[in-house]
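Undergrad: Got a structure for you, questions after.
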Amino acid sequence: MKVGLLRLGLLAVLLAVWEVAGRAANPLLAVPPSAVLPALRDLLLLRSYPDLPASLLLTLREIGTAYALAVAAGLGCGFVLGMYRLVGRAWGPMIAALYAVPAVVWYPSLMLFFGLDAASKIAFGFLLGFFPITLAVLAGVRQVNPQLVVVARAYGAGAVTVFRRVMLPSMLFTLVGGLRTGLALCVIGVVVGEILGSKAGMGALINHAYGLLRTGDYVALVLVTLALVVGSDVLASLLERHARRWTE
Amino acid sequence: MDGVKPGLASVRVAQLATVVVGLAAWELAARRLWVDPLFVPAPSAVAGAFLGIGGPALAGLADTLGKTAVAYVLSVALGASAGVAVGSVRLLRDVLSPYVIALYGIPKILVLPWIVLLLGYGTTPAIFYGTLHGVFPIMVLVMGAVRDVDRTLVTVARSLGATTWQLYWKVLLPAIVPSVLAGMRLGIVFCLLGVLVVEMFAGVRGMGHVMGSLANGFQAPELFAATGLVSAASIAIVLALDHLNDKLSHWRG
């Protein structure tokens with residue numbers, strides 16, 4: 001109760017400081033919260049950027065495609081790495097070493113290869129989401145108790161039954177966590193890709209507003225994009241909780 | 001899952017084979033024009049390009065790594081001290097932790113245009129943004145470590161009459177060293193990421209700018225060489241930190 005009040009109080013103080021500082025500062029550089037609300041209203045009523053729905057839809061489509069590809073490839077690679085010991089032991093550390101490279105170094109190559117359109121954003125989102133999913137599947141497969149698989153096989157269970165009844169329940173915890181991290185990174189990948197260079201989508205709108213010093217619109221666009229990011233994570237966390245309840 | 005554990009030798013052979021086969025297939029694909037060499041140059045062409053861009057690329061890399069080093073020192077200092085302060089004071093932790101987690105989680109790229117607007121094109125926004133990337137993972141890790149310090153140790157130290165200073169210095173800090181080290185390992189990649197992103201977005205120098213210009217100029221072999229150089233540098237830095245980490249944990253016992 002007290003903590004909640006203090007949290008709200010802190011937020012109020014921060015907003016007040018932002019308001020005072022924003023009014024004092026150059027309006028091209030800083031926007032007080034009171035000016036953000038009208039900008040947000042104009043944005044949502046499609047007055048400032050009429051192509052907002054199309055841009056949002058494009059960004060969502062890029063995220064969806066990137067995530068679908070990352071899940072398919074990550075599950076496939078993770079299972080292969082987990083099932084074939086030698087491959088897993090050889091490639092696991094190599095994948096982990098690639099993890100030590102900041103992913104954005106690949107983005108210029110992707111842009112060269114796929115161009116400025118949606119494909120390079122999808123590729124970058126895929127690249128970011130693919131690794132955590134693969135590593136989670138790999139870790140999940142390793143968590144499965146091999147004796148359980150042997151016993152199930154001995155009692156005549158087929159590959160599908162072994163997978164559904166033995167493997168999936170014991171690896172689900174790790175797997176679902178990886179799928180959630182993968183989604184968050186796909187979203188970030190697409191947004192980063194769009195801001196680093198694009199012709200359409202939310203990133204392009206943000207860059208447009210920033211380039212023209214329409215700082216109020218810029219903040220409003222950032223808030224809308226942020227809602228998209230947070231919304232996707234909330235959705236993923238609900239699904240995660242649902243999946244975890246199913247195992248118990 | 002099942003089967004015998006493969007030995008280290010066969011693992012190394014498999015890794016080497018992967019790299020050799022991969023490079024050979026890539027070279028073959030490029031030579032036979034199965035892929036367009038305008039976009040995917042052969043490894044031999046990349047090696048040649050590496051010699052060609054060597055000078056400017058190394059200068060760019062040095063510039064980038066310099067900014068990263070400053071951002072990294074700031075991230076570790078700010079992240080660790082803020083983590084200890086917020087993690088060890090109950091009220092601060094309860095009030096601030098949702099904010100810290102939120103700041104850690106949101107894509108910082110959204111504020112990048114604003115940072116560039118305020119700080120201009122140059123070294124300052126890169127260091128600022130690199131620090132912004134590095135500080136939160138370290139802070140979150142350290143906060144968690146401080147929270148999870150064995151309560152019994154704290155109670156015993158207190159009942160034996162330890163002062164607050166002694167409690168921090170003799171109990172808390174030794175207990176969180178592993179987490180600080182883990183945070184330092186994680187943080188360096190985030191700092192480098194942040195610096196590279198700024199250089200690509202609004203750089204006039206540094207490796208991110210070099211790579212961005214090469215991509216815009218369709219100089220694929222040079223771009224691949226530059227990408228390889230940054231990746232190798234990053235892996236080397238992380239391995240060096242790992243090595244240091246091992247040494248320190250030996251020393252800690």
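Starting from 1 in every chain, residues are counted up; chains themselves are A, B, ... following the order of the structure tokens, and ligands are numbered from 1 as listed.
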Could you list the residues in chain B lying within 7 Å of chain A, using only C-alpha atoms, and format the result as an NGL selection string?

TA: :B and (1-2 or 6 or 11-12 or 14-15 or 39 or 94-95 or 107 or 109-110 or 113 or 117-118 or 189 or 192-193 or 197 or 201 or 211-212 or 215 or 218 or 223 or 227 or 231 or 234-235 or 238)

Undergrad: With N, CA and C atoms kept, could you save the residues just selected as a JSON list (two decimals), in the first residue's frame?

TA:
```
[["chain", "number", "residue", "atom", "x", "y", "z"],
["B", 1, "MET", "N", 21.23, -36.60, -25.40],
["B", 1, "MET", "CA", 20.27, -37.22, -24.48],
["B", 1, "MET", "C", 20.68, -38.65, -24.20],
["B", 2, "ASP", "N", 20.67, -39.53, -25.23],
["B", 2, "ASP", "CA", 21.23, -40.85, -24.99],
["B", 2, "ASP", "C", 22.55, -40.97, -25.75],
["B", 6, "PRO", "N", 30.61, -37.77, -26.29],
["B", 6, "PRO", "CA", 31.73, -37.74, -27.23],
["B", 6, "PRO", "C", 32.95, -37.06, -26.60],
["B", 11, "VAL", "N", 34.96, -33.71, -30.74],
["B", 11, "VAL", "CA", 34.25, -32.43, -30.77],
["B", 11, "VAL", "C", 35.04, -31.40, -31.54],
["B", 12, "ARG", "N", 36.36, -31.33, -31.23],
["B", 12, "ARG", "CA", 37.21, -30.35, -31.92],
["B", 12, "ARG", "C", 37.26, -30.63, -33.43],
["B", 14, "ALA", "N", 34.98, -32.12, -35.19],
["B", 14, "ALA", "CA", 33.69, -31.76, -35.77],
["B", 14, "ALA", "C", 33.59, -30.25, -35.95],
["B", 15, "GLN", "N", 34.12, -29.48, -34.98],
["B", 15, "GLN", "CA", 34.06, -28.02, -35.10],
["B", 15, "GLN", "C", 34.90, -27.55, -36.28],
["B", 39, "PHE", "N", 26.37, -9.68, -53.64],
["B", 39, "PHE", "CA", 25.82, -9.70, -52.28],
["B", 39, "PHE", "C", 26.58, -10.63, -51.36],
["B", 94, "ASP", "N", 11.83, -1.95, -2.97],
["B", 94, "ASP", "CA", 10.41, -2.17, -3.24],
["B", 94, "ASP", "C", 9.85, -1.11, -4.18],
["B", 95, "VAL", "N", 10.28, 0.14, -3.95],
["B", 95, "VAL", "CA", 9.71, 1.22, -4.76],
["B", 95, "VAL", "C", 10.30, 1.22, -6.16],
["B", 107, "PRO", "N", 12.92, -1.38, -25.33],
["B", 107, "PRO", "CA", 13.94, -1.19, -26.36],
["B", 107, "PRO", "C", 14.45, 0.24, -26.33],
["B", 109, "ILE", "N", 16.34, 1.69, -28.28],
["B", 109, "ILE", "CA", 16.47, 2.32, -29.59],
["B", 109, "ILE", "C", 15.42, 3.41, -29.78],
["B", 110, "LEU", "N", 14.28, 3.29, -29.06],
["B", 110, "LEU", "CA", 13.22, 4.27, -29.23],
["B", 110, "LEU", "C", 13.64, 5.66, -28.77],
["B", 113, "PRO", "N", 16.83, 8.51, -31.22],
["B", 113, "PRO", "CA", 16.74, 9.78, -31.96],
["B", 113, "PRO", "C", 16.78, 10.99, -31.04],
["B", 117, "LEU", "N", 19.45, 13.99, -30.90],
["B", 117, "LEU", "CA", 18.98, 15.37, -30.98],
["B", 117, "LEU", "C", 19.63, 16.22, -29.88],
["B", 118, "LEU", "N", 19.71, 15.65, -28.68],
["B", 118, "LEU", "CA", 20.23, 16.41, -27.55],
["B", 118, "LEU", "C", 21.76, 16.48, -27.57],
["B", 189, "VAL", "N", 29.10, -6.77, -23.87],
["B", 189, "VAL", "CA", 28.46, -6.96, -25.17],
["B", 189, "VAL", "C", 27.37, -5.91, -25.38],
["B", 192, "LEU", "N", 29.07, -2.52, -26.23],
["B", 192, "LEU", "CA", 29.54, -2.51, -27.62],
["B", 192, "LEU", "C", 28.36, -2.38, -28.58],
["B", 193, "LEU", "N", 27.29, -3.10, -28.28],
["B", 193, "LEU", "CA", 26.07, -3.02, -29.08],
["B", 193, "LEU", "C", 25.57, -1.59, -29.16],
["B", 197, "VAL", "N", 25.33, 0.74, -32.50],
["B", 197, "VAL", "CA", 24.03, 1.22, -32.99],
["B", 197, "VAL", "C", 24.08, 2.72, -33.24],
["B", 201, "PHE", "N", 23.53, 4.68, -36.67],
["B", 201, "PHE", "CA", 22.40, 5.60, -36.80],
["B", 201, "PHE", "C", 22.87, 7.01, -37.12],
["B", 211, "MET", "N", 30.83, 0.34, -41.33],
["B", 211, "MET", "CA", 30.01, -0.74, -41.87],
["B", 211, "MET", "C", 28.78, -0.20, -42.58],
["B", 212, "GLY", "N", 28.18, 0.83, -42.00],
["B", 212, "GLY", "CA", 27.02, 1.44, -42.64],
["B", 212, "GLY", "C", 27.37, 1.99, -44.02],
["B", 215, "ALA", "N", 27.88, -0.81, -46.52],
["B", 215, "ALA", "CA", 26.61, -1.40, -46.95],
["B", 215, "ALA", "C", 25.94, -0.49, -47.96],
["B", 218, "PHE", "N", 27.45, -0.77, -51.37],
["B", 218, "PHE", "CA", 27.43, -2.12, -51.97],
["B", 218, "PHE", "C", 28.82, -2.73, -52.07],
["B", 223, "LEU", "N", 32.57, -5.10, -46.55],
["B", 223, "LEU", "CA", 31.61, -5.14, -45.45],
["B", 223, "LEU", "C", 31.75, -6.45, -44.66],
["B", 227, "THR", "N", 32.73, -6.80, -40.79],
["B", 227, "THR", "CA", 31.87, -7.53, -39.86],
["B", 227, "THR", "C", 32.68, -8.60, -39.13],
["B", 231, "SER", "N", 33.35, -8.85, -35.08],
["B", 231, "SER", "CA", 32.95, -10.06, -34.38],
["B", 231, "SER", "C", 34.13, -10.68, -33.65],
["B", 234, "SER", "N", 35.01, -8.74, -30.62],
["B", 234, "SER", "CA", 34.04, -8.93, -29.54],
["B", 234, "SER", "C", 34.23, -10.28, -28.86],
["B", 235, "ILE", "N", 34.41, -11.33, -29.67],
["B", 235, "ILE", "CA", 34.61, -12.66, -29.08],
["B", 235, "ILE", "C", 35.89, -12.67, -28.24],
["B", 238, "VAL", "N", 35.26, -10.97, -24.89],
["B", 238, "VAL", "CA", 34.46, -11.79, -23.97],
["B", 238, "VAL", "C", 35.27, -12.96, -23.44]]
```

Undergrad: Counting only C-alpha atoms, which residue out of B:Val177, B:Leu119, B:Ala157, B:Ala162 sits closest to Leu141 (chain B)?

TA: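 Ranking B:Val177, B:Leu119, B:Ala157, B:Ala162 by distance to Leu141 (chain B), first place goes to B:Val177.
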